Structures are given as structure tokens and as C-alpha cells.
$ cat final-v6.pdb   # PDB, C-alpha atoms and all ligand atoms
MODEL        1
ATOM      1  CA  MET A   1      15.657 -12.407  15.578
ATOM      2  CA  SER A   2      13.736 -10.665  12.791
ATOM      3  CA  ARG A   3      10.203 -11.830  12.045
ATOM      4  CA  ARG A   4       9.790 -13.387   8.604
ATOM      5  CA  LEU A   5       7.879 -11.094   6.235
ATOM      6  CA  LYS A   6       4.425 -12.379   5.353
ATOM      7  CA  ARG A   7       3.792 -10.125   2.387
ATOM      8  CA  ILE A   8       5.964  -8.301  -0.079
ATOM      9  CA  LYS A   9       5.984  -4.508   0.137
ATOM     10  CA  ALA A  10       3.435  -2.484  -1.813
ATOM     11  CA  ASN A  11       6.190  -0.893  -3.890
ATOM     12  CA  GLN A  12       7.322  -4.347  -5.101
ATOM     13  CA  ILE A  13       3.963  -5.278  -6.608
ATOM     14  CA  GLU A  14       4.513  -3.520  -9.910
ATOM     15  CA  GLU A  15       7.826  -5.335 -10.332
ATOM     16  CA  VAL A  16       6.100  -8.670  -9.695
ATOM     17  CA  LEU A  17       3.397  -7.967 -12.284
ATOM     18  CA  ASP A  18       5.957  -6.759 -14.837
ATOM     19  CA  LYS A  19       8.061  -9.880 -14.385
ATOM     20  CA  LEU A  20       5.017 -12.148 -14.625
ATOM     21  CA  GLU A  21       4.131 -10.364 -17.878
ATOM     22  CA  THR A  22       7.664 -10.929 -19.193
ATOM     23  CA  MET A  23       7.449 -14.637 -18.366
ATOM     24  CA  HIS A  24       3.898 -15.171 -19.643
ATOM     25  CA  PRO A  25       2.992 -12.753 -22.430
ATOM     26  CA  GLU A  26       0.637 -15.399 -23.844
ATOM     27  CA  ALA A  27      -1.461 -15.577 -20.621
ATOM     28  CA  GLY A  28      -5.201 -15.462 -21.230
ATOM     29  CA  CYS A  29      -8.410 -17.425 -21.075
ATOM     30  CA  ALA A  30      -7.582 -21.003 -22.066
ATOM     31  CA  LEU A  31     -11.178 -22.229 -22.382
ATOM     32  CA  ASN A  32     -12.372 -22.271 -26.001
ATOM     33  CA  HIS A  33     -15.692 -20.471 -26.456
ATOM     34  CA  ARG A  34     -17.644 -18.436 -29.022
ATOM     35  CA  SER A  35     -20.229 -16.772 -26.780
ATOM     36  CA  CYS A  36     -20.986 -15.850 -23.149
ATOM     37  CA  PHE A  37     -23.185 -18.946 -22.943
ATOM     38  CA  GLU A  38     -20.379 -21.256 -24.105
ATOM     39  CA  LEU A  39     -17.917 -19.564 -21.749
ATOM     40  CA  LEU A  40     -20.268 -19.976 -18.807
ATOM     41  CA  ILE A  41     -20.789 -23.672 -19.501
ATOM     42  CA  ALA A  42     -17.058 -24.225 -20.072
ATOM     43  CA  VAL A  43     -16.145 -22.535 -16.779
ATOM     44  CA  VAL A  44     -18.711 -24.608 -14.862
ATOM     45  CA  LEU A  45     -17.283 -27.760 -16.461
ATOM     46  CA  SER A  46     -13.714 -26.726 -15.578
ATOM     47  CA  ALA A  47     -14.165 -27.110 -11.799
ATOM     48  CA  GLN A  48     -11.577 -29.566 -10.518
ATOM     49  CA  THR A  49     -10.448 -30.526 -13.997
ATOM     50  CA  THR A  50      -8.087 -29.064 -16.582
ATOM     51  CA  ASP A  51      -9.039 -26.547 -19.260
ATOM     52  CA  ILE A  52      -7.476 -28.893 -21.826
ATOM     53  CA  SER A  53      -9.860 -31.705 -20.921
ATOM     54  CA  VAL A  54     -12.827 -29.294 -21.039
ATOM     55  CA  ASN A  55     -11.764 -28.093 -24.506
ATOM     56  CA  LYS A  56     -11.866 -31.701 -25.690
ATOM     57  CA  VAL A  57     -15.541 -32.181 -24.807
ATOM     58  CA  THR A  58     -17.081 -28.770 -25.525
ATOM     59  CA  PRO A  59     -17.033 -28.942 -29.371
ATOM     60  CA  ALA A  60     -19.336 -31.984 -29.339
ATOM     61  CA  LEU A  61     -21.413 -30.564 -26.481
ATOM     62  CA  PHE A  62     -22.060 -27.227 -28.225
ATOM     63  CA  GLU A  63     -22.692 -28.883 -31.569
ATOM     64  CA  ARG A  64     -25.496 -30.902 -29.990
ATOM     65  CA  TYR A  65     -26.734 -28.117 -27.665
ATOM     66  CA  PRO A  66     -25.793 -24.778 -29.250
ATOM     67  CA  SER A  67     -27.919 -22.541 -27.018
ATOM     68  CA  PRO A  68     -29.607 -22.501 -23.590
ATOM     69  CA  GLU A  69     -32.880 -23.557 -25.257
ATOM     70  CA  GLU A  70     -31.472 -26.861 -26.570
ATOM     71  CA  LEU A  71     -29.493 -27.570 -23.398
ATOM     72  CA  ALA A  72     -32.539 -26.905 -21.189
ATOM     73  CA  GLU A  73     -34.397 -29.676 -23.043
ATOM     74  CA  ALA A  74     -31.518 -32.149 -22.839
ATOM     75  CA  ASN A  75     -31.580 -35.430 -20.984
ATOM     76  CA  PRO A  76     -28.748 -35.161 -18.397
ATOM     77  CA  ASN A  77     -27.723 -38.750 -19.216
ATOM     78  CA  ASP A  78     -27.079 -37.768 -22.846
ATOM     79  CA  VAL A  79     -25.070 -34.756 -21.665
ATOM     80  CA  ALA A  80     -23.111 -37.008 -19.289
ATOM     81  CA  ASP A  81     -22.265 -39.287 -22.197
ATOM     82  CA  ILE A  82     -20.631 -36.398 -24.051
ATOM     83  CA  ILE A  83     -18.671 -35.025 -21.084
ATOM     84  CA  LYS A  84     -17.824 -38.301 -19.339
ATOM     85  CA  THR A  85     -14.042 -37.830 -19.696
ATOM     86  CA  ILE A  86     -14.009 -34.906 -17.252
ATOM     87  CA  GLY A  87     -14.128 -35.042 -13.453
ATOM     88  CA  LEU A  88     -17.494 -34.920 -11.656
ATOM     89  CA  TYR A  89     -19.284 -35.294 -15.002
ATOM     90  CA  LYS A  90     -22.520 -36.635 -13.528
ATOM     91  CA  ASN A  91     -23.069 -33.651 -11.245
ATOM     92  CA  LYS A  92     -21.899 -31.265 -13.911
ATOM     93  CA  SER A  93     -24.381 -32.715 -16.442
ATOM     94  CA  LEU A  94     -27.252 -32.144 -14.043
ATOM     95  CA  ASN A  95     -26.011 -28.659 -13.173
ATOM     96  CA  ILE A  96     -25.609 -27.373 -16.719
ATOM     97  CA  VAL A  97     -29.077 -28.599 -17.724
ATOM     98  CA  LYS A  98     -30.537 -26.883 -14.640
ATOM     99  CA  LEU A  99     -28.434 -23.822 -15.379
ATOM    100  CA  ALA A 100     -29.810 -23.615 -18.945
ATOM    101  CA  ASN A 101     -33.352 -23.839 -17.575
ATOM    102  CA  LYS A 102     -32.679 -21.045 -15.111
ATOM    103  CA  LEU A 103     -31.164 -18.862 -17.854
ATOM    104  CA  ILE A 104     -34.396 -19.227 -19.823
ATOM    105  CA  GLU A 105     -36.798 -18.857 -16.900
ATOM    106  CA  ASP A 106     -35.111 -15.914 -15.163
ATOM    107  CA  PHE A 107     -32.869 -14.205 -17.709
ATOM    108  CA  ASP A 108     -34.549 -14.574 -21.142
ATOM    109  CA  GLY A 109     -31.874 -17.042 -22.196
ATOM    110  CA  GLU A 110     -29.059 -14.510 -21.684
ATOM    111  CA  VAL A 111     -26.074 -14.795 -19.351
ATOM    112  CA  PRO A 112     -26.633 -12.184 -16.625
ATOM    113  CA  GLY A 113     -23.955  -9.575 -15.969
ATOM    114  CA  SER A 114     -24.045  -9.104 -12.210
ATOM    115  CA  PHE A 115     -22.277 -11.094  -9.518
ATOM    116  CA  ASP A 116     -25.450 -11.791  -7.512
ATOM    117  CA  GLU A 117     -27.368 -12.983 -10.564
ATOM    118  CA  LEU A 118     -24.501 -15.181 -11.668
ATOM    119  CA  ILE A 119     -24.145 -16.936  -8.325
ATOM    120  CA  SER A 120     -27.898 -17.645  -8.362
ATOM    121  CA  LEU A 121     -27.222 -20.083 -11.238
ATOM    122  CA  PRO A 122     -26.776 -23.815 -10.486
ATOM    123  CA  GLY A 123     -23.114 -24.818 -10.362
ATOM    124  CA  VAL A 124     -21.910 -21.197 -10.352
ATOM    125  CA  GLY A 125     -19.866 -20.092  -7.341
ATOM    126  CA  ARG A 126     -17.756 -17.077  -6.569
ATOM    127  CA  LYS A 127     -14.838 -18.129  -8.773
ATOM    128  CA  THR A 128     -16.976 -18.866 -11.832
ATOM    129  CA  ALA A 129     -18.950 -15.641 -11.425
ATOM    130  CA  ASN A 130     -15.719 -13.634 -11.290
ATOM    131  CA  VAL A 131     -14.372 -15.334 -14.420
ATOM    132  CA  ILE A 132     -17.579 -14.526 -16.323
ATOM    133  CA  LEU A 133     -17.623 -10.914 -15.137
ATOM    134  CA  ALA A 134     -14.012 -10.447 -16.222
ATOM    135  CA  GLU A 135     -14.043 -12.389 -19.504
ATOM    136  CA  ALA A 136     -17.544 -11.829 -20.808
ATOM    137  CA  PHE A 137     -18.260  -8.340 -19.459
ATOM    138  CA  ALA A 138     -14.746  -6.873 -18.961
ATOM    139  CA  GLU A 139     -15.746  -5.989 -15.377
ATOM    140  CA  PRO A 140     -12.820  -5.758 -12.935
ATOM    141  CA  ALA A 141     -12.796  -9.029 -10.991
ATOM    142  CA  ILE A 142     -10.255 -11.514  -9.670
ATOM    143  CA  ALA A 143     -11.180 -15.174  -9.737
ATOM    144  CA  VAL A 144      -9.105 -17.130  -7.245
ATOM    145  CA  ASP A 145      -8.582 -20.724  -8.322
ATOM    146  CA  THR A 146      -6.042 -23.181  -6.953
ATOM    147  CA  HIS A 147      -3.163 -21.610  -8.953
ATOM    148  CA  VAL A 148      -3.985 -18.002  -8.038
ATOM    149  CA  PHE A 149      -4.333 -19.015  -4.383
ATOM    150  CA  ARG A 150      -1.041 -20.917  -4.232
ATOM    151  CA  VAL A 151       1.071 -18.487  -6.252
ATOM    152  CA  SER A 152      -0.235 -15.289  -4.610
ATOM    153  CA  ASN A 153       0.516 -16.626  -1.160
ATOM    154  CA  ARG A 154       3.900 -18.103  -2.089
ATOM    155  CA  ILE A 155       5.077 -14.835  -3.594
ATOM    156  CA  GLY A 156       3.701 -12.843  -0.675
ATOM    157  CA  LEU A 157       1.280 -10.760  -2.699
ATOM    158  CA  THR A 158      -1.148 -12.024  -0.069
ATOM    159  CA  ASP A 159      -0.995 -13.669   3.320
ATOM    160  CA  ALA A 160      -4.213 -15.647   3.411
ATOM    161  CA  ASP A 161      -5.281 -19.141   4.325
ATOM    162  CA  ASP A 162      -8.346 -19.369   2.098
ATOM    163  CA  VAL A 163      -9.475 -18.294  -1.357
ATOM    164  CA  ASP A 164     -11.941 -15.643  -0.178
ATOM    165  CA  LYS A 165      -9.319 -13.817   1.886
ATOM    166  CA  THR A 166      -6.855 -14.134  -0.978
ATOM    167  CA  GLU A 167      -9.359 -12.466  -3.325
ATOM    168  CA  GLU A 168     -10.017  -9.732  -0.768
ATOM    169  CA  GLN A 169      -6.314  -8.996  -0.278
ATOM    170  CA  LEU A 170      -5.509  -9.087  -3.994
ATOM    171  CA  LYS A 171      -8.290  -6.579  -4.621
ATOM    172  CA  LYS A 172      -6.874  -4.287  -1.951
ATOM    173  CA  ARG A 173      -3.266  -4.573  -3.090
ATOM    174  CA  LEU A 174      -3.421  -4.753  -6.902
ATOM    175  CA  PRO A 175      -4.404  -1.786  -9.083
ATOM    176  CA  LYS A 176      -7.993  -2.280 -10.233
ATOM    177  CA  ASP A 177      -7.061  -1.970 -13.886
ATOM    178  CA  LYS A 178      -4.666  -4.920 -13.424
ATOM    179  CA  TRP A 179      -7.111  -7.328 -11.739
ATOM    180  CA  ILE A 180      -8.156  -9.219 -14.854
ATOM    181  CA  ARG A 181      -4.637  -9.427 -16.270
ATOM    182  CA  SER A 182      -3.161 -10.472 -12.902
ATOM    183  CA  HIS A 183      -5.620 -13.362 -12.687
ATOM    184  CA  HIS A 184      -4.381 -14.749 -16.022
ATOM    185  CA  LEU A 185      -0.715 -14.137 -15.199
ATOM    186  CA  LEU A 186      -0.934 -15.903 -11.826
ATOM    187  CA  ILE A 187      -2.711 -18.897 -13.365
ATOM    188  CA  PHE A 188      -0.127 -19.240 -16.129
ATOM    189  CA  HIS A 189       2.694 -18.887 -13.615
ATOM    190  CA  GLY A 190       1.187 -21.650 -11.484
ATOM    191  CA  ARG A 191       0.785 -23.912 -14.494
ATOM    192  CA  LYS A 192       4.187 -23.358 -16.038
ATOM    193  CA  ILE A 193       6.732 -22.490 -13.313
ATOM    194  CA  CYS A 194       5.393 -22.246  -9.766
ATOM    195  CA  HIS A 195       4.002 -25.782  -9.795
ATOM    196  CA  ALA A 196       2.094 -27.171  -6.823
ATOM    197  CA  ARG A 197       4.529 -30.017  -6.173
ATOM    198  CA  LYS A 198       7.809 -28.362  -7.104
ATOM    199  CA  ALA A 199       8.249 -24.667  -7.697
ATOM    200  CA  ASP A 200      10.925 -24.062 -10.349
ATOM    201  CA  CYS A 201      12.481 -21.099  -8.500
ATOM    202  CA  GLU A 202      15.777 -21.333 -10.401
ATOM    203  CA  ASN A 203      14.041 -20.463 -13.645
ATOM    204  CA  CYS A 204      11.688 -17.870 -12.195
ATOM    205  CA  LEU A 205      12.279 -14.137 -12.681
ATOM    206  CA  LEU A 206      10.627 -13.551  -9.305
ATOM    207  CA  ASN A 207      13.362 -15.436  -7.462
ATOM    208  CA  GLU A 208      14.759 -12.283  -5.805
ATOM    209  CA  VAL A 209      11.511 -10.603  -4.805
ATOM    210  CA  CYS A 210       9.388 -13.689  -3.936
ATOM    211  CA  LEU A 211       9.038 -14.639  -0.264
ATOM    212  CA  LYS A 212       8.663 -18.322  -1.271
ATOM    213  CA  ARG A 213       6.184 -18.866   1.512
ATOM    214  CA  GLY A 214       5.588 -22.570   2.041
ATOM    215  CA  VAL A 215       8.147 -23.602  -0.612
TER     216      VAL A 215
HETATM  217  S1  LIG B 301      10.441 -17.835  -6.918
HETATM  218 FE1  LIG B 301       9.693 -19.945  -6.686
HETATM  219  S2  LIG B 301       8.000 -19.828  -5.214
HETATM  220 FE2  LIG B 301       8.399 -17.740  -5.982
HETATM  221  S3  LIG B 301       6.966 -17.496  -7.716
HETATM  222 FE3  LIG B 301       8.908 -18.184  -8.540
HETATM  223  S4  LIG B 301       8.704 -20.424  -8.664
HETATM  224 FE4  LIG B 301       7.097 -19.673  -7.269
ENDMDL
END
$ encode --input "final-v6.pdb" --output "C-alpha cells"
Amino acid sequence: MSRRLKRIKANQIEEVLDKLETMHPEAGCALNHRSCFELLIAVVLSAQTTDISVNKVTPALFERYPSPEELAEANPNDVADIIKTIGLYKNKSLNIVKLANKLIEDFDGEVPGSFDELISLPGVGRKTANVILAEAFAEPAIAVDTHVFRVSNRIGLTDADDVDKTEEQLKKRLPKDKWIRSHHLLIFHGRKICHARKADCENCLLNEVCLKRGV
């Protein structure tokens, strides 16, 4: 009996990326922002909640606190009042006020551009740091969120049981100049077709090449 493949072959990766591009030409950052600071705050707020719900609260948040200086002075309870419709809003309010203070104390009020500096900020983990590097600084990075993790492993781009290993394998297998784009494509695919509860394989252009691991 032949052993079931755990990953697609290296020469199939380009086909997967091309087909994802065909299905999701509109893929891109879905968090509204006008600066690195706004992007950073929006990404921190997006943990375990949807980008749509974050986009609903950030206009009022950034109108009241347009820069790290104003946010650093904010009362976390007032911040919580503005963002209370999103998940984990109490912790997030505390974190973004602390984050603004750290930006001022350690980085002259600017968003830093290195991975190690980014993860030194309150509320900023590996995924957020990678998103900021890619979106704000155009540095090759792959942020692995729940969609990227699920879709990469279903397709067989990776064969990993956690997000860190998934990131590691994606970086080894995908061309570096496709890292940022692949991140967006995999997220959009997870949101629109390869859903967590029911993958819509019949309407997916990857139906032939995908290993459908766990589906
Ligand atoms: S074929 Fe099915 S499991 Fe594979 S990527 Fe498409 S929707 Fe997901």
C-alpha cells in the first residue's frame, strides 16, 4: 500500500500560487490604515477577531488618538470604550497604550523596522511582527495566521502541526519574492473558499493538485 503524500512536490508550487492568484486577484491587506503606526495598532487589535470588526473601530480610535503621543497619554478605560465591540478589548486597550509608551520611550515615536525590535513591543508577537515587516517595510516575511496555517497544510504546501513550523517550511519552499504575496493569497483563500468548517473543493481551482489533508 502506498504511503499518503504529506506535501505536494516542489514543482507543483508555482501552479498552486498561479491558481491562487487567478482565484484571488484582489488579495491584499484588509486592515484600513494611513501610516505604519495605524497599521501596527490595527494588527494588534486584529488578534482573534475579524479585520472587518477592527475596521469598524479604528476610525474613531485614530481620530481621538492620531499618534503614539496621544495614545501613550490615554486612559485605557477610554480606549476600551471605543474598541469594546472587538474580542479581548480590555487586554488590547492596555496593550496598545503600553505599546504607544514603548514606541516613544525606545523608538522616538516611530515603528521600528526589525523583527527583534517589533516583538519587544507589548502585544506584538511573531505573526504581527511579520505582517508589519511585510506591509510597512516591504521586507520578505510570511505571517502565519489561522487561515495560512490551515490552508498551507491542507494543500500540502507544508506538513506541520504548529504555526512556527508552518512558517519555517513555507520560507524554505516558497520563492522569497513570493512570500508577501503568498501570505495574502492563502488568507483570502481561507476566507473565501477553503473555509475552516467546510472546504468548498468543488469550486476550487486547486482541486486536482491539493492533497486535502484533514478535509
Ligand atoms: S481543494 Fe479543497 S482543501 Fe484544497 S485548497 Fe481547495 S478548498 Fe481547500
$ residues_around --input "final-v6.pdb" --residues "range 105-115 of chain A" --least-positions-apart "4" --cutoff "7 Å" --atoms "all atoms listed in the file" --output "ChimeraX atom specification"
/A:36-37,68,101,119,129,133,137
$ closest_atom_pairs --input "final-v6.pdb" --of "chain A" --to "ligand LIG 301 (chain B)" --cutoff "6 Å" --atoms "only C-alpha atoms and all ligand atoms" --output "tab-separated table"
residue	atom	partner	partner_atom	distance
A:Arg154	CA	B:LIG301	S2	5.4
A:Ile155	CA	B:LIG301	FE2	5.0
A:Ile193	CA	B:LIG301	S4	5.5
A:Cys194	CA	B:LIG301	S4	3.9
A:Ala199	CA	B:LIG301	S4	4.4
A:Asp200	CA	B:LIG301	S4	4.6
A:Cys201	CA	B:LIG301	FE1	3.5
A:Cys204	CA	B:LIG301	FE3	4.6
A:Leu206	CA	B:LIG301	S1	4.9
A:Asn207	CA	B:LIG301	S1	3.8
A:Cys210	CA	B:LIG301	FE2	4.6
A:Lys212	CA	B:LIG301	S2	4.3
A:Val215	CA	B:LIG301	S2	6.0
$ residues_near_point --input "final-v6.pdb" --point "(-24.6, -26.1, -30.5)" --cutoff "12 Å" --atoms "all atoms listed in the file" --output "NGL selection string"
:A and (33-35 or 37-38 or 41 or 58-71 or 74)
$ atom_distance --input "final-v6.pdb" --atom1 "CA of Asp18 in chain A" --atom2 "CA of His147 in chain A"
18.4 Å
$ resolve_selection --input "final-v6.pdb" --expression "the PyMOL selection byres (((chain A and resi 6) around 10) and not hetatm)" --output "JSON, numbers by chain"
{"A": [3, 4, 5, 7, 8, 9, 153, 154, 155, 156, 157, 158, 159, 160, 211, 212, 213]}
$ residues_around --input "final-v6.pdb" --residues "Leu20 in chain A" --least-positions-apart "5" --cutoff "10 Å" --atoms "only C-alpha atoms" --output "PyMOL selection string"
chain A and resi 14-15+25+27+182+184-186+188-189+204-206
$ closest_residue --input "final-v6.pdb" --among "A:Lys19, A:Arg197, A:Lys92, A:Lys171" --to "Ala42 in chain A" --atoms "all atoms listed in the file"
A:Lys92
$ residues_around --input "final-v6.pdb" --residues "Val163 in chain A" --least-positions-apart "4" --cutoff "12 Å" --atoms "all atoms listed in the file" --output "number ranges by chain"
A: 126-127, 142-153, 158-159, 167-170
$ resolve_selection --input "final-v6.pdb" --expression "the PyMOL selection byres (((chain A and resi 48) around 10) and not hetatm)" --output "ChimeraX atom specification"
/A:44-47,49-51,86-88,145-146
$ atom_distance --input "final-v6.pdb" --atom1 "CA of Asn203 in chain A" --atom2 "CA of Thr166 in chain A"
25.2 Å
$ atom_distance --input "final-v6.pdb" --atom1 "CA of Val124 in chain A" --atom2 "CA of Leu40 in chain A"
8.7 Å
$ axis_aligned_box --input "final-v6.pdb" --around "range 79-84 of chain A" --padding-each-side "8 Å" --output "AutoDock Vina command-line options"
--center_x -21.4 --center_y -37.0 --center_z -21.7 --size_x 23.2 --size_y 20.5 --size_z 20.8
$ closest_residue --input "final-v6.pdb" --among "A:Val43, A:Ile96, A:Met23, A:Ala80" --to "Thr128 in chain A" --atoms "only C-alpha atoms"
A:Val43
